[in-house]
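Input: a single structure, listed below in structure tokens.
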Amino acid sequence: MKTGLVWFKNDLRLHDNEALTKAIEECEELIFCYAMEKSNYKKLDLGFKKCDINRFKFLEQSVVDLQDHLDKLGGHLLIGSDSAAQFLPELVEKYDVSDIYAEEEYASEELNLIKEIQDILPKVKFRFYWGKTLYHKDDIPFSISKIPLSSKAYRIPAGKESEPRKTLKAPTELNNVRKVKSTKFPSYKKFGFTKKEYDAAKPLLDGGETKALERLKYYTYISELLTGYRWTRNQSQGLDYSSKFSPYLALGCISPREIFETVKEYEKKIKKNQSTWWIVFELVWRDYFTFKGMKFGDEIFKTKGYKKKEITFENDRTKYERWCEGRTGIPFVDAHMRQLTETGYMSNRGRVNCASYFVHDLNIDWTWGAAYFESKLIDYDVSSNWMNWHMQAFEIYYTNPIHQSNKYKAQDLIREWVPELKRTNDIEILIPWEFDIPDYPKPIEIFSKWERAINLIKKLKV
């Protein structure tokens with residue numbers, strides 16, 4: 001009798017999961033597991049955990065939801081609390097597992113973990129299946145080593161010559177090892193969090209495949225918000241200005257192909273326009289960063305980047321801490337940074353502005369900013385995060401946070417997240433240093449390049 005082990009990682013779903021599908025087809029009985037990596041919660045030299053409490057809580061919700069789905073099919077989910085390198089060998093020995101099924105990885109941390117486990121289990125067959133991107137890595141018109149340096153050079157050939165593979169149905173029954181019961185998700189205490197931190201944590205969204213598919217249905221057919229996405233995506237307040245699919249994509253609670261198929265169906269039944277094109281474009285962009293991250297490997301985590309550019313950074317720790325805490329004195333930046341700390345999420349507009357200010361105004365090593373975002377973001381994706389920061393440091397023009405706060409009418413956003421400025425008028429709230437505003441910090445520095453934007457704000461009607 002062939003006993004297989006399905007090792008869930010960042011593919012926390014039943015639908016469109018090739019590793020799960022193949023395991024069900026090929027094995028008489030199965031074990032299902034998820035392993036926490038305690039090392040993900042260690043404290044970095046920068047002064048914070050590699051993964052903070054909102055990420056922990058969103059992951060917990062997602063894993064528990066997966067467990068509920070498996071239980072409803074008569075399955076189970078065994079959850080390890082230290083590392084897969086310890087947990088998987090224990091399960092292999094206990095249940096006489098011959099084959100391990102899992103999603104294929106590409107980043108060094110994950111690959112090193114897999115290598116460690118394979119060395120411990122030389123007799124076990126490991127079967128990996130690619131499932132992270134819209135286009136399968138074997139279907140794009142480039143080898144990984146030949147991925148173009150510009151997104152356009154990738155996107156146009158990929159769009160013309162590639163087609164997403166069809167989604168796989170969620171299973172309706174499972175071949176389980178008998179008398180195995182699901183185990184509880186480990187306590188926050190094991191990972192160094194306090195009860196106060198855990199109880200206070202409120203990720204912007206609830207995690208899990210159930211919520212992911214509900215969000216997809218809501219954003220498309222129920223609300224038809226997708227039709228206006230192209231024109232709302234640069235906002236920063238509320239839930240409905242953007243799809244909010246990214247946290248679910250990050251943990252694999254939803255498949256990019258599932259989103260693609262729904263959008264294509266929406267185009268036929270509701271409306272096809274720039275918005276529907278744009279959301280597919282962003283899935284393709286996500287692919288591009290993944291494949292580019294695969295091409296350059298650990299170079300994307302280094303200060304010099306994959307282009308090996310020399311930049312002298314000031315790296316003032318006081319300025320860094322003020323940025324992290326949302327106390328820079330620049331309301332547009334501070335509102336977004338406080339939103340990130342509170343909810344584990346920040347809009348695309350916020351990310352661009354906070355990163356640009358960090359690198360080009362505060363002159364701090366961009367990898368410090370990328371590490372902070374990694375700690376906080378519930379939609380943290382290794383390539384998307386580090387490649388976006390890399391681009392901000394080396395490839396994108398400066399973004400003026402004063403001009404942007406005015407352009408995107410950020411007054412209400414600032415009032416929501418910076419209570420010290422709640423009672424100011426629409427001019428004062430954007431440039432409070434020009435007025436006598438108590439309790440809110442003075443800016444780290446006022447730059448001459450902001451002068452025109454400041455003068456435009458002063459001319460606003462209140």
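Starting from 1 in every chain, residues are counted up; chains themselves are A, B, ... following the order of the structure tokens, and ligands are numbered from 1 as listed.
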Which residues, written as a short mmCIF file (atom, residue, chain, number, x, y, z; two decimals) with N, CA and C atoms, in the first residue's frame, have at least one atom at most 10 Å from Leu46 (chain A), with only C-alpha atoms counted and residues fewer than 2 positions away on the same chain left out?
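Contents of around-v2.cif, as written:
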data_model
loop_
_atom_site.label_atom_id
_atom_site.label_comp_id
_atom_site.auth_asym_id
_atom_site.auth_seq_id
_atom_site.Cartn_x
_atom_site.Cartn_y
_atom_site.Cartn_z
N LYS A 43 14.13 37.42 16.01
CA LYS A 43 14.33 38.88 15.99
C LYS A 43 15.55 39.21 15.14
N LEU A 44 15.40 40.15 14.22
CA LEU A 44 16.49 40.57 13.37
C LEU A 44 17.35 41.61 14.06
N PHE A 48 13.32 44.00 14.96
CA PHE A 48 11.96 43.47 14.89
C PHE A 48 12.00 42.04 14.39
N LYS A 49 10.88 41.33 14.54
CA LYS A 49 10.81 39.94 14.11
C LYS A 49 10.78 39.85 12.58
N LYS A 50 11.32 38.78 12.07
CA LYS A 50 11.29 38.53 10.63
C LYS A 50 9.84 38.51 10.12
N ARG A 317 19.98 55.53 12.17
CA ARG A 317 19.04 54.64 12.86
C ARG A 317 17.85 55.41 13.44
N TYR A 320 15.50 55.96 10.68
CA TYR A 320 14.89 54.67 10.34
C TYR A 320 13.75 54.34 11.30
N GLU A 321 14.00 54.52 12.57
CA GLU A 321 12.97 54.21 13.57
C GLU A 321 11.76 55.12 13.43
N TRP A 368 16.88 47.59 4.31
CA TRP A 368 16.27 47.77 5.64
C TRP A 368 14.76 47.98 5.50
N ALA A 371 13.10 44.67 4.45
CA ALA A 371 12.99 43.76 5.59
C ALA A 371 11.84 44.15 6.51
N TYR A 372 11.63 45.46 6.68
CA TYR A 372 10.52 45.91 7.53
C TYR A 372 9.18 45.55 6.89
#
Contacts of region 24-40 of chain A within 8 Å, only C-alpha atoms, excl. fewer than 2 positions in-chain, as a ChimeraX atom specification: /A:1-9,20-22,42,49-51,63,75-84,87,174-177,191
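Considering only C-alpha atoms, the residue among A:Thr303, A:Thr290, A:Asn273, A:Asn455 positioned nearest to Val382 (chain A) is A:Thr290.
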DSSP-assigned alpha helix (DSSP H) among region 188-423 of chain A, expressed as number ranges by chain: A: 195-200, 209-217, 229-232, 246-250, 256-269, 274-296, 317-325, 331-343, 348-356, 366-376, 382-394, 401-407, 411-417
Exercise: Leu225 (chain A) partners within 9 Å, only C-alpha atoms, chain neighbours under 3 positions left out, as a VMD selection string: chain A and resid 218 to 222 228 to 229 240 to 243
Save the residues we just selected, N, CA, C and O atoms, as a compact mmCIF listing (two decimals), in the first residue's frame?
# COMPACT_ATOMS: atom_id res chain seq x y z
N TYR A 218 -17.13 38.51 -4.51
CA TYR A 218 -17.63 39.84 -4.15
C TYR A 218 -17.10 40.91 -5.09
O TYR A 218 -17.86 41.76 -5.58
N TYR A 219 -15.79 40.86 -5.36
CA TYR A 219 -15.17 41.92 -6.14
C TYR A 219 -15.59 41.88 -7.61
O TYR A 219 -15.52 42.89 -8.31
N THR A 220 -16.04 40.70 -8.05
CA THR A 220 -16.46 40.57 -9.45
C THR A 220 -17.98 40.62 -9.54
O THR A 220 -18.55 41.69 -9.74
N TYR A 221 -18.65 39.52 -9.35
CA TYR A 221 -20.08 39.44 -9.67
C TYR A 221 -21.00 40.16 -8.70
O TYR A 221 -22.01 40.73 -9.11
N ILE A 222 -20.69 40.14 -7.41
CA ILE A 222 -21.62 40.74 -6.44
C ILE A 222 -21.61 42.27 -6.52
O ILE A 222 -22.65 42.90 -6.62
N GLY A 228 -14.44 49.13 -12.29
CA GLY A 228 -13.83 50.43 -12.05
C GLY A 228 -12.42 50.37 -11.49
O GLY A 228 -11.84 51.41 -11.15
N TYR A 229 -11.84 49.17 -11.40
CA TYR A 229 -10.55 48.98 -10.75
C TYR A 229 -9.45 49.88 -11.30
O TYR A 229 -8.65 50.46 -10.55
N ASP A 240 -12.46 48.58 -0.79
CA ASP A 240 -12.99 48.35 -2.14
C ASP A 240 -12.29 49.08 -3.27
O ASP A 240 -12.66 48.94 -4.43
N TYR A 241 -11.26 49.88 -2.96
CA TYR A 241 -10.57 50.57 -4.05
C TYR A 241 -9.70 49.62 -4.87
O TYR A 241 -9.34 49.92 -6.01
N SER A 242 -9.35 48.47 -4.29
CA SER A 242 -8.56 47.47 -5.02
C SER A 242 -9.07 46.08 -4.68
O SER A 242 -9.88 45.90 -3.78
N SER A 243 -8.56 45.09 -5.38
CA SER A 243 -9.12 43.74 -5.27
C SER A 243 -8.84 43.08 -3.92
O SER A 243 -9.63 42.27 -3.46
With only C-alpha atoms as the counted atoms, please give the residues lying no more than 12 Å from Gly238 (chain A), apart from itself and same-chain residues fewer than 5 positions off, as a compact mmCIF listing (two decimals) with N, CA and C atoms, in the first residue's frame.
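File written: around-v8.txt
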# COMPACT_ATOMS: atom_id res chain seq x y z
N LEU A 204 -5.97 43.25 8.14
CA LEU A 204 -7.00 43.91 7.34
C LEU A 204 -8.06 42.93 6.86
N LEU A 205 -7.65 41.71 6.52
CA LEU A 205 -8.56 40.68 6.03
C LEU A 205 -8.43 39.43 6.87
N THR A 232 -9.67 53.25 -9.60
CA THR A 232 -9.70 53.36 -8.13
C THR A 232 -8.43 52.83 -7.48
N ARG A 233 -7.61 52.12 -8.23
CA ARG A 233 -6.50 51.34 -7.67
C ARG A 233 -5.44 52.19 -6.96
N SER A 243 -8.56 45.09 -5.38
CA SER A 243 -9.12 43.74 -5.27
C SER A 243 -8.84 43.08 -3.92
N LYS A 244 -7.70 43.39 -3.31
CA LYS A 244 -7.24 42.74 -2.07
C LYS A 244 -7.04 41.23 -2.26
N GLN A 339 -0.83 52.65 9.18
CA GLN A 339 -1.79 51.71 8.62
C GLN A 339 -1.15 50.32 8.48
N THR A 343 -2.63 47.11 10.46
CA THR A 343 -3.43 46.17 9.66
C THR A 343 -2.63 45.13 8.90
N TYR A 345 -1.20 45.80 6.14
CA TYR A 345 -1.46 46.07 4.72
C TYR A 345 -1.21 47.54 4.41
N MET A 346 -0.82 47.81 3.18
CA MET A 346 -0.64 49.17 2.70
C MET A 346 -0.94 49.18 1.21
N SER A 347 -1.57 50.25 0.74
CA SER A 347 -1.90 50.35 -0.68
C SER A 347 -0.63 50.44 -1.53
N ASP A 412 -8.55 62.65 4.26
CA ASP A 412 -9.33 61.71 5.09
C ASP A 412 -8.50 60.53 5.54
N LEU A 413 -7.62 60.05 4.66
CA LEU A 413 -6.71 58.97 5.03
C LEU A 413 -5.84 59.40 6.22
N GLU A 416 -7.70 59.53 9.47
CA GLU A 416 -7.98 58.19 10.01
C GLU A 416 -6.79 57.62 10.78
Point-to-point distance from CA of Pro247 (chain A) to CA of Ala212 (chain A), Å rounded to tenths: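 We find that CA of Pro247 (chain A) and CA of Ala212 (chain A) lie 8.8 Å from each other.
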Spatial neighbours of Lys442 (chain A), max dist 9 Å, only C-alpha atoms, sep filter under 4 positions, as a VMD selection string: chain A and resid 327 to 330 432 to 433
Selected residues, C-alpha atoms, written as a short mmCIF file (atom, residue, chain, number, x, y, z; two decimals), in the first residue's frame, please.
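What landed in part31.cif:
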data_model
loop_
_atom_site.label_atom_id
_atom_site.label_comp_id
_atom_site.auth_asym_id
_atom_site.auth_seq_id
_atom_site.Cartn_x
_atom_site.Cartn_y
_atom_site.Cartn_z
CA ARG A 327 6.68 59.69 12.95
CA THR A 328 8.60 61.25 10.07
CA GLY A 329 6.54 64.45 10.20
CA ILE A 330 5.33 63.87 6.64
CA PRO A 432 1.37 70.82 9.26
CA TRP A 433 4.91 72.13 9.75
#
